Amino acid sequence: MLIDLLRARRSIRKFTAQPIEPETIDLLLEAALRAPSSKGSNPWDLVVVTDREMVQQLAVAKAHGATFLKGAPLAIVVCADPSKSDVWIEDASIVATLLHLEATDLGLGSCWVQIRLRQRGDGSDSQAFLADLLGLPEGMVVLAIVGIGYPAEAKSGHPHSSLPFNQVSFERFGRRG
């Protein structure tokens, strides 16, 4: 059941060196490609990166929160073309979420690296760095990078008691259950 998967999923930032098998990558991509999008526009593109040197470069794409990628055997860069849809951020976010859920279902760990509106350690633009590194066409933007691998750390799911039910309203904002 999906709820069991959601109960177990956590962001994982430490991975073993074991490479991700091609058939497993295919399943991750199939899950992502099944993402719904506004008006079926599919404004996103994915760049699959398994080359160690390239992954090392992705790990310095922004100032904070990307260095864990150095240990990831797989990174999937979630890009989009904003000219295809005014809700490209939402559509690309759904793709990234499905990557996380499929990774968990396959026994893999994953973690999101936010790129949109971020800068590198030297103050330069993360988007420009990645556009050059990945050879992105003009107008294609990067939403996030999802680092994926076999987990080298175990984390329990968040307990039910930690869920912010106080942020749920019924019928009108502020009306609690």
# chains A, B, ... in the order shown; residues from 1 in each chain; ligands from 1

$ residues_around --residues "Leu130 (chain A)" --least-positions-apart "4" --cutoff "10 Å" --atoms "only C-alpha atoms" --output "list in words"
Gln57, Leu58, Val60, Ala61, Lys62, Val77, Ile115, Asp125, Ser126, Leu134, Gly135, Leu136, Val141 and Val142 of chain A

$ select_by_dssp --residues "region 117-158 of chain A" --states "alpha helix (DSSP H)" --output "count of residues only"
9

$ select_by_dssp --residues "region 32-99 of chain A" --states "strand (DSSP E or B)" --output "VMD selection string"
chain A and resid 44 to 49 74 to 80

$ write_last_selection --atoms "N, CA, C and O atoms" --output "short mmCIF file (atom, residue, chain, number, x, y, z; two decimals), in the first residue's frame"
data_model
loop_
_atom_site.label_atom_id
_atom_site.label_comp_id
_atom_site.auth_asym_id
_atom_site.auth_seq_id
_atom_site.Cartn_x
_atom_site.Cartn_y
_atom_site.Cartn_z
N TRP A 44 8.77 18.69 -18.63
CA TRP A 44 10.02 18.28 -18.01
C TRP A 44 10.86 17.40 -18.92
O TRP A 44 10.38 16.77 -19.84
N ASP A 45 12.15 17.39 -18.61
CA ASP A 45 13.12 16.48 -19.21
C ASP A 45 13.98 15.97 -18.07
O ASP A 45 14.17 16.67 -17.06
N LEU A 46 14.52 14.78 -18.22
CA LEU A 46 15.37 14.18 -17.20
C LEU A 46 16.76 13.93 -17.77
O LEU A 46 16.88 13.48 -18.91
N VAL A 47 17.77 14.20 -16.97
CA VAL A 47 19.15 13.87 -17.35
C VAL A 47 19.63 12.87 -16.32
O VAL A 47 19.74 13.18 -15.13
N VAL A 48 19.91 11.65 -16.78
CA VAL A 48 20.37 10.56 -15.93
C VAL A 48 21.89 10.59 -15.91
O VAL A 48 22.54 10.53 -16.96
N VAL A 49 22.46 10.68 -14.70
CA VAL A 49 23.91 10.78 -14.57
C VAL A 49 24.42 9.64 -13.69
O VAL A 49 24.04 9.55 -12.52
N LEU A 74 23.94 7.40 -8.56
CA LEU A 74 23.00 7.86 -9.57
C LEU A 74 22.45 9.22 -9.18
O LEU A 74 22.10 9.44 -8.02
N ALA A 75 22.39 10.10 -10.14
CA ALA A 75 21.72 11.39 -9.96
C ALA A 75 20.82 11.60 -11.16
O ALA A 75 21.22 11.36 -12.30
N ILE A 76 19.61 12.01 -10.89
CA ILE A 76 18.68 12.33 -11.97
C ILE A 76 18.35 13.81 -11.85
O ILE A 76 17.82 14.27 -10.83
N VAL A 77 18.70 14.55 -12.89
CA VAL A 77 18.48 15.99 -12.92
C VAL A 77 17.12 16.24 -13.55
O VAL A 77 16.86 15.80 -14.68
N VAL A 78 16.25 16.89 -12.79
CA VAL A 78 14.88 17.17 -13.24
C VAL A 78 14.86 18.59 -13.80
O VAL A 78 15.01 19.57 -13.07
N CYS A 79 14.69 18.66 -15.11
CA CYS A 79 14.68 19.94 -15.83
C CYS A 79 13.27 20.20 -16.37
O CYS A 79 12.44 19.29 -16.39
N ALA A 80 13.07 21.40 -16.84
CA ALA A 80 11.79 21.72 -17.48
C ALA A 80 11.95 22.90 -18.42
O ALA A 80 12.88 23.70 -18.30
#

$ closest_residue --among "A:Val168, A:Val95, A:Ile89, A:Leu117" --to "Ala32 (chain A)" --atoms "only C-alpha atoms"
A:Val95

$ closest_residue --among "A:Leu27, A:Leu99, A:Val146, A:Ile20" --to "Ala66 (chain A)" --atoms "only C-alpha atoms"
A:Val146

$ closest_residue --among "A:Leu101, A:Val55, A:Ala92, A:Ala128" --to "Arg7 (chain A)" --atoms "only C-alpha atoms"
A:Leu101

$ closest_residue --among "A:Gln114, A:Thr104, A:Ser93, A:Ser83" --to "Leu28 (chain A)" --atoms "only C-alpha atoms"
A:Thr104

$ decode --residues "region 80-94 of chain A" --atoms "all heavy atoms" --output "short mmCIF file (atom, residue, chain, number, x, y, z; two decimals), in the first residue's frame"
data_model
loop_
_atom_site.label_atom_id
_atom_site.label_comp_id
_atom_site.auth_asym_id
_atom_site.auth_seq_id
_atom_site.Cartn_x
_atom_site.Cartn_y
_atom_site.Cartn_z
N ALA A 80 13.07 21.40 -16.84
CA ALA A 80 11.79 21.72 -17.48
C ALA A 80 11.95 22.90 -18.42
O ALA A 80 12.88 23.70 -18.30
CB ALA A 80 10.73 22.03 -16.42
N ASP A 81 11.01 22.98 -19.34
CA ASP A 81 10.94 24.08 -20.28
C ASP A 81 9.73 24.94 -19.89
O ASP A 81 8.59 24.57 -20.16
CB ASP A 81 10.78 23.55 -21.70
CG ASP A 81 10.69 24.64 -22.75
OD1 ASP A 81 10.53 25.83 -22.39
OD2 ASP A 81 10.77 24.31 -23.94
N PRO A 82 9.98 26.09 -19.22
CA PRO A 82 8.87 26.93 -18.76
C PRO A 82 7.95 27.43 -19.88
O PRO A 82 6.80 27.78 -19.61
CB PRO A 82 9.57 28.10 -18.07
CG PRO A 82 10.90 27.57 -17.68
CD PRO A 82 11.27 26.59 -18.77
N SER A 83 8.43 27.43 -21.12
CA SER A 83 7.57 27.89 -22.21
C SER A 83 6.48 26.88 -22.55
O SER A 83 5.51 27.21 -23.22
CB SER A 83 8.40 28.20 -23.46
OG SER A 83 8.88 27.01 -24.05
N LYS A 84 6.61 25.65 -22.06
CA LYS A 84 5.60 24.62 -22.33
C LYS A 84 4.42 24.66 -21.38
O LYS A 84 3.36 24.14 -21.69
CB LYS A 84 6.24 23.23 -22.27
CG LYS A 84 7.15 22.91 -23.43
CD LYS A 84 7.63 21.48 -23.33
CE LYS A 84 8.50 21.10 -24.51
NZ LYS A 84 8.97 19.70 -24.41
N SER A 85 4.64 25.25 -20.19
CA SER A 85 3.57 25.25 -19.20
C SER A 85 3.84 26.30 -18.13
O SER A 85 4.97 26.43 -17.67
CB SER A 85 3.46 23.87 -18.54
OG SER A 85 2.52 23.90 -17.49
N ASP A 86 2.79 27.00 -17.71
CA ASP A 86 2.95 27.98 -16.64
C ASP A 86 3.04 27.31 -15.27
O ASP A 86 3.34 27.96 -14.28
CB ASP A 86 1.83 29.02 -16.67
CG ASP A 86 0.45 28.42 -16.39
OD1 ASP A 86 0.26 27.21 -16.63
OD2 ASP A 86 -0.43 29.17 -15.95
N VAL A 87 2.78 26.00 -15.22
CA VAL A 87 2.89 25.26 -13.96
C VAL A 87 4.01 24.21 -14.05
O VAL A 87 3.92 23.13 -13.48
CB VAL A 87 1.54 24.63 -13.54
CG1 VAL A 87 0.53 25.71 -13.17
CG2 VAL A 87 0.99 23.73 -14.65
N TRP A 88 5.07 24.57 -14.74
CA TRP A 88 6.19 23.64 -14.91
C TRP A 88 6.82 23.25 -13.58
O TRP A 88 7.28 22.12 -13.42
CB TRP A 88 7.24 24.22 -15.86
CG TRP A 88 7.97 25.41 -15.31
CD1 TRP A 88 7.61 26.73 -15.46
CD2 TRP A 88 9.16 25.40 -14.52
NE1 TRP A 88 8.52 27.54 -14.80
CE2 TRP A 88 9.48 26.75 -14.22
CE3 TRP A 88 9.99 24.40 -14.03
CZ2 TRP A 88 10.59 27.11 -13.46
CZ3 TRP A 88 11.10 24.76 -13.29
CH2 TRP A 88 11.38 26.10 -13.00
N ILE A 89 6.82 24.16 -12.61
CA ILE A 89 7.41 23.84 -11.30
C ILE A 89 6.62 22.71 -10.64
O ILE A 89 7.19 21.75 -10.13
CB ILE A 89 7.45 25.08 -10.38
CG1 ILE A 89 8.39 26.14 -10.96
CG2 ILE A 89 7.88 24.71 -8.97
CD1 ILE A 89 8.31 27.49 -10.28
N GLU A 90 5.31 22.82 -10.66
CA GLU A 90 4.47 21.79 -10.08
C GLU A 90 4.64 20.46 -10.82
O GLU A 90 4.81 19.40 -10.20
CB GLU A 90 3.00 22.22 -10.09
CG GLU A 90 2.70 23.38 -9.16
CD GLU A 90 2.96 24.77 -9.75
OE1 GLU A 90 3.59 24.89 -10.84
OE2 GLU A 90 2.54 25.75 -9.13
N ASP A 91 4.62 20.52 -12.15
CA ASP A 91 4.73 19.30 -12.94
C ASP A 91 6.08 18.62 -12.71
O ASP A 91 6.14 17.40 -12.54
CB ASP A 91 4.55 19.61 -14.43
CG ASP A 91 3.11 19.93 -14.79
OD1 ASP A 91 2.20 19.68 -13.98
OD2 ASP A 91 2.89 20.44 -15.90
N ALA A 92 7.16 19.38 -12.70
CA ALA A 92 8.48 18.79 -12.47
C ALA A 92 8.63 18.28 -11.04
O ALA A 92 9.31 17.28 -10.79
CB ALA A 92 9.57 19.81 -12.79
N SER A 93 7.96 18.94 -10.10
CA SER A 93 7.99 18.48 -8.70
C SER A 93 7.29 17.12 -8.55
O SER A 93 7.74 16.28 -7.76
CB SER A 93 7.34 19.51 -7.78
OG SER A 93 8.08 20.70 -7.77
N ILE A 94 6.24 16.92 -9.29
CA ILE A 94 5.56 15.62 -9.26
C ILE A 94 6.50 14.53 -9.77
O ILE A 94 6.60 13.45 -9.19
CB ILE A 94 4.25 15.66 -10.08
CG1 ILE A 94 3.23 16.60 -9.44
CG2 ILE A 94 3.66 14.25 -10.24
CD1 ILE A 94 2.04 16.93 -10.32
#
